[in-house]
Amino acid sequence: MFLTHGTFSNRKICDGIASYLTQKGFTCWIMEWRNHGESSKVKHEFNFETIAKYDLKSTFEFLFNNQNVTNIDCLTHSGGGIILTMFLINNPTYNSKINSITLFGVQAFGAGDKLSNRIKILLSKHLTSLLGEVPSKTVGSTEHSESYYTMKQWFNWNLNNNFIGENGFDYLKRMNKINIPILSICAQGDNFIAPKEGCEKFLKAFENEENKLLFYSKKNGNLENYNHSRILKSKNSKKEIWPIVENWISNKRLLRTACAIPTSQA
């Protein structure tokens, strides 16, 4: 299992489910972005694309070349799903090595569909440009603040309803090249960073009928209206979401194994 976090975060958001999956027999690797957690600190500016093209690429090269991993399942939170998408589009040879992807609260260009959210994003972008950073406390994090340079891409994607990278590279048009089965998980209480509409739009861009969206809310009979962090890390998530994720991953691994058996041996 490969796991990674998003902005304002580090490996702590993934520790719980990683321990759970380890108990189920998985070997888990968690990547922390540069300047996050225990990873190296750098002084130069970086954004989502930097992490995707360099940090994630180095990690996958380590796993497949140094650790001799043959195939892997991926689980990401928030911006971690965005960088994984960008990485796989830039490095398509890795698509065949991934059994499944699980996204917790992941969207890139659908948070600004509602007027109230659009206003919040515009204000956030303006204030962040003046301050030079988004203080961690303003987004309910106790871990890391993020620079305006890093967050500017997310602001622009959601304001412009696109997924344009550096030099005008259009990731949105290429998302359908990723045919790995994806489970996307979102919740009622996550109504700004990764609202249901945004997660649906992001998932649909892959154009894969095998993909699945799960929406959690009390109205649907779930334990709570999870927010952006509790959807992945909470006692209730451990009770009703983690087992579903583990079952999804295990089923996709079994399916891949079955498909790999020659017809004469099936």
# chains A, B, ... in the order shown; residues from 1 in each chain; ligands from 1

call {"tool": "select_by_dssp", "arguments": {"residues": "segment 21-197 of chain A", "states": "helix (DSSP H, G or I)", "output": "PyMOL selection string"}}
result
chain A and resi 21-23+48-66+79-90+92-97+115-131+136-139+148-160+166-168+172-177+196-197

call {"tool": "residues_around", "arguments": {"residues": "segment 86-101 of chain A", "least_positions_apart": "6", "cutoff": "8 Å", "atoms": "only C-alpha atoms", "output": "list in words"}}
result
Glu49, Ala52, Lys53, Leu56, Lys57, Thr70, Asn71, Ile72, Asp73, Cys74, Leu75, Thr76, Tyr171, Arg174, Met175, Lys177, Ile178, Asn179, Ile180, Pro181, Ile182, Leu183, Ile249, Lys252, Arg253 and Arg256 of chain A

call {"tool": "write_last_selection", "arguments": {"atoms": "N, CA, C and O atoms", "output": "JSON list (two decimals), in the first residue's frame"}}
result
[["chain", "number", "residue", "atom", "x", "y", "z"],
["A", 49, "GLU", "N", 2.35, 20.44, -8.67],
["A", 49, "GLU", "CA", 3.04, 19.81, -9.79],
["A", 49, "GLU", "C", 4.48, 19.43, -9.44],
["A", 49, "GLU", "O", 4.99, 18.41, -9.91],
["A", 52, "ALA", "N", 4.28, 16.20, -7.56],
["A", 52, "ALA", "CA", 3.92, 15.12, -8.46],
["A", 52, "ALA", "C", 5.09, 14.69, -9.34],
["A", 52, "ALA", "O", 5.35, 13.50, -9.52],
["A", 53, "LYS", "N", 5.79, 15.66, -9.89],
["A", 53, "LYS", "CA", 6.84, 15.36, -10.85],
["A", 53, "LYS", "C", 8.14, 14.89, -10.23],
["A", 53, "LYS", "O", 8.91, 14.14, -10.86],
["A", 56, "LEU", "N", 6.94, 12.45, -5.78],
["A", 56, "LEU", "CA", 6.20, 11.21, -6.01],
["A", 56, "LEU", "C", 6.96, 10.29, -6.96],
["A", 56, "LEU", "O", 6.99, 9.07, -6.77],
["A", 57, "LYS", "N", 7.58, 10.87, -7.96],
["A", 57, "LYS", "CA", 8.34, 10.06, -8.90],
["A", 57, "LYS", "C", 9.51, 9.36, -8.20],
["A", 57, "LYS", "O", 9.76, 8.17, -8.42],
["A", 70, "THR", "N", 6.27, -5.20, -7.02],
["A", 70, "THR", "CA", 5.79, -5.51, -8.37],
["A", 70, "THR", "C", 4.49, -4.80, -8.70],
["A", 70, "THR", "O", 4.26, -4.40, -9.84],
["A", 71, "ASN", "N", 3.61, -4.68, -7.70],
["A", 71, "ASN", "CA", 2.36, -3.93, -7.89],
["A", 71, "ASN", "C", 1.92, -3.37, -6.55],
["A", 71, "ASN", "O", 2.37, -3.84, -5.50],
["A", 72, "ILE", "N", 1.04, -2.39, -6.59],
["A", 72, "ILE", "CA", 0.73, -1.65, -5.37],
["A", 72, "ILE", "C", -0.69, -1.10, -5.44],
["A", 72, "ILE", "O", -1.27, -0.96, -6.52],
["A", 73, "ASP", "N", -1.26, -0.81, -4.29],
["A", 73, "ASP", "CA", -2.53, -0.10, -4.19],
["A", 73, "ASP", "C", -2.24, 1.26, -3.58],
["A", 73, "ASP", "O", -1.35, 1.40, -2.73],
["A", 74, "CYS", "N", -2.99, 2.26, -3.99],
["A", 74, "CYS", "CA", -2.75, 3.63, -3.52],
["A", 74, "CYS", "C", -3.93, 4.16, -2.73],
["A", 74, "CYS", "O", -5.09, 3.95, -3.12],
["A", 75, "LEU", "N", -3.65, 4.86, -1.65],
["A", 75, "LEU", "CA", -4.68, 5.50, -0.83],
["A", 75, "LEU", "C", -4.20, 6.91, -0.52],
["A", 75, "LEU", "O", -3.10, 7.10, 0.00],
["A", 76, "THR", "N", -5.02, 7.90, -0.86],
["A", 76, "THR", "CA", -4.60, 9.29, -0.70],
["A", 76, "THR", "C", -5.69, 10.14, -0.04],
["A", 76, "THR", "O", -6.87, 9.83, -0.13],
["A", 171, "TYR", "N", -4.40, 18.75, -17.63],
["A", 171, "TYR", "CA", -4.54, 17.44, -16.98],
["A", 171, "TYR", "C", -5.96, 16.90, -17.13],
["A", 171, "TYR", "O", -6.16, 15.68, -17.23],
["A", 174, "ARG", "N", -6.64, 14.66, -19.96],
["A", 174, "ARG", "CA", -5.87, 13.42, -19.97],
["A", 174, "ARG", "C", -6.21, 12.48, -18.82],
["A", 174, "ARG", "O", -5.63, 11.40, -18.72],
["A", 175, "MET", "N", -7.14, 12.87, -17.98],
["A", 175, "MET", "CA", -7.50, 12.02, -16.84],
["A", 175, "MET", "C", -8.11, 10.69, -17.28],
["A", 175, "MET", "O", -8.00, 9.68, -16.59],
["A", 177, "LYS", "N", -7.08, 8.77, -19.38],
["A", 177, "LYS", "CA", -6.02, 7.82, -19.72],
["A", 177, "LYS", "C", -5.70, 6.90, -18.54],
["A", 177, "LYS", "O", -5.03, 5.88, -18.70],
["A", 178, "ILE", "N", -6.18, 7.29, -17.35],
["A", 178, "ILE", "CA", -5.95, 6.48, -16.15],
["A", 178, "ILE", "C", -7.13, 5.52, -15.99],
["A", 178, "ILE", "O", -8.24, 5.94, -15.67],
["A", 179, "ASN", "N", -6.92, 4.25, -16.23],
["A", 179, "ASN", "CA", -8.02, 3.28, -16.19],
["A", 179, "ASN", "C", -7.97, 2.38, -14.96],
["A", 179, "ASN", "O", -8.56, 1.31, -14.93],
["A", 180, "ILE", "N", -7.27, 2.81, -13.94],
["A", 180, "ILE", "CA", -7.19, 2.07, -12.67],
["A", 180, "ILE", "C", -8.51, 2.24, -11.93],
["A", 180, "ILE", "O", -9.05, 3.35, -11.87],
["A", 181, "PRO", "N", -9.09, 1.18, -11.35],
["A", 181, "PRO", "CA", -10.33, 1.33, -10.58],
["A", 181, "PRO", "C", -10.15, 2.24, -9.38],
["A", 181, "PRO", "O", -9.19, 2.10, -8.61],
["A", 182, "ILE", "N", -11.07, 3.19, -9.22],
["A", 182, "ILE", "CA", -10.95, 4.21, -8.18],
["A", 182, "ILE", "C", -12.18, 4.23, -7.29],
["A", 182, "ILE", "O", -13.32, 4.25, -7.77],
["A", 183, "LEU", "N", -11.95, 4.24, -5.98],
["A", 183, "LEU", "CA", -13.00, 4.42, -4.99],
["A", 183, "LEU", "C", -12.83, 5.82, -4.40],
["A", 183, "LEU", "O", -11.79, 6.13, -3.82],
["A", 249, "ILE", "N", -10.08, -2.83, -1.71],
["A", 249, "ILE", "CA", -8.69, -3.09, -2.12],
["A", 249, "ILE", "C", -8.46, -4.59, -2.32],
["A", 249, "ILE", "O", -7.88, -5.02, -3.32],
["A", 252, "LYS", "N", -10.11, -5.90, -5.50],
["A", 252, "LYS", "CA", -9.42, -5.49, -6.72],
["A", 252, "LYS", "C", -8.12, -6.26, -6.89],
["A", 252, "LYS", "O", -7.72, -6.58, -8.03],
["A", 253, "ARG", "N", -7.45, -6.59, -5.79],
["A", 253, "ARG", "CA", -6.22, -7.39, -5.88],
["A", 253, "ARG", "C", -6.54, -8.81, -6.35],
["A", 253, "ARG", "O", -5.82, -9.39, -7.17],
["A", 256, "ARG", "N", -7.30, -8.74, -10.05],
["A", 256, "ARG", "CA", -6.08, -8.60, -10.85],
["A", 256, "ARG", "C", -5.35, -9.94, -10.93],
["A", 256, "ARG", "O", -4.86, -10.33, -11.99]]

call {"tool": "residues_around", "arguments": {"residues": "Lys152 of chain A", "least_positions_apart": "2", "cutoff": "10 Å", "atoms": "only C-alpha atoms", "output": "VMD selection string"}}
result
chain A and resid 47 to 48 124 to 126 128 to 129 133 147 to 150 154 to 157

call {"tool": "write_last_selection", "arguments": {"atoms": "N, CA and C atoms", "output": "mmCIF file, in the first residue's frame"}}
result
data_model
loop_
_atom_site.group_PDB
_atom_site.id
_atom_site.type_symbol
_atom_site.label_atom_id
_atom_site.label_comp_id
_atom_site.auth_asym_id
_atom_site.auth_seq_id
_atom_site.Cartn_x
_atom_site.Cartn_y
_atom_site.Cartn_z
ATOM 1 N N ASN A 47 4.877 23.649 -5.766
ATOM 2 C CA ASN A 47 3.423 23.548 -5.857
ATOM 3 C C ASN A 47 3.028 22.080 -6.035
ATOM 4 N N PHE A 48 1.766 21.837 -6.351
ATOM 5 C CA PHE A 48 1.283 20.467 -6.520
ATOM 6 C C PHE A 48 2.083 19.737 -7.595
ATOM 7 N N SER A 124 -10.129 33.966 -0.141
ATOM 8 C CA SER A 124 -8.963 33.237 0.355
ATOM 9 C C SER A 124 -7.745 33.487 -0.524
ATOM 10 N N LYS A 125 -7.962 33.488 -1.831
ATOM 11 C CA LYS A 125 -6.848 33.736 -2.746
ATOM 12 C C LYS A 125 -6.295 35.147 -2.554
ATOM 13 N N HIS A 126 -7.175 36.126 -2.421
ATOM 14 C CA HIS A 126 -6.737 37.512 -2.259
ATOM 15 C C HIS A 126 -5.980 37.704 -0.945
ATOM 16 N N THR A 128 -4.536 35.420 0.905
ATOM 17 C CA THR A 128 -3.313 34.627 0.902
ATOM 18 C C THR A 128 -2.210 35.303 0.111
ATOM 19 N N SER A 129 -2.578 35.949 -0.986
ATOM 20 C CA SER A 129 -1.574 36.663 -1.792
ATOM 21 C C SER A 129 -0.968 37.816 -1.001
ATOM 22 N N GLU A 133 0.959 33.367 2.674
ATOM 23 C CA GLU A 133 0.701 31.992 3.067
ATOM 24 C C GLU A 133 -0.712 31.832 3.606
ATOM 25 N N SER A 147 2.221 27.976 1.545
ATOM 26 C CA SER A 147 2.499 29.240 0.893
ATOM 27 C C SER A 147 1.450 29.561 -0.167
ATOM 28 N N TYR A 148 1.379 30.830 -0.512
ATOM 29 C CA TYR A 148 0.477 31.249 -1.586
ATOM 30 C C TYR A 148 0.880 30.581 -2.893
ATOM 31 N N TYR A 149 2.178 30.427 -3.097
ATOM 32 C CA TYR A 149 2.671 29.811 -4.330
ATOM 33 C C TYR A 149 2.133 28.392 -4.461
ATOM 34 N N THR A 150 2.108 27.647 -3.368
ATOM 35 C CA THR A 150 1.599 26.282 -3.390
ATOM 36 C C THR A 150 0.103 26.247 -3.643
ATOM 37 N N TRP A 154 -4.509 25.500 -6.659
ATOM 38 C CA TRP A 154 -5.813 25.001 -6.208
ATOM 39 C C TRP A 154 -6.874 26.094 -6.319
ATOM 40 N N PHE A 155 -6.517 27.308 -5.931
ATOM 41 C CA PHE A 155 -7.454 28.430 -6.064
ATOM 42 C C PHE A 155 -7.876 28.600 -7.519
ATOM 43 N N ASN A 156 -6.904 28.633 -8.412
ATOM 44 C CA ASN A 156 -7.188 28.886 -9.828
ATOM 45 C C ASN A 156 -7.986 27.758 -10.471
ATOM 46 N N TRP A 157 -7.646 26.518 -10.159
ATOM 47 C CA TRP A 157 -8.390 25.393 -10.722
ATOM 48 C C TRP A 157 -9.866 25.482 -10.366
#

call {"tool": "closest_residue", "arguments": {"among": "A:Asn65, A:Thr102, A:Ser217, A:Gln153", "to": "Ser78 of chain A", "atoms": "only C-alpha atoms"}}
result
A:Thr102

call {"tool": "atom_distance", "arguments": {"atom1": "atom CA of Val106 of chain A", "atom2": "atom CA of Tyr20 of chain A"}}
result
21.3 Å

call {"tool": "closest_residue", "arguments": {"among": "A:Leu130, A:Ile30, A:Leu172, A:Ile164", "to": "Leu203 of chain A", "atoms": "only C-alpha atoms"}}
result
A:Leu172
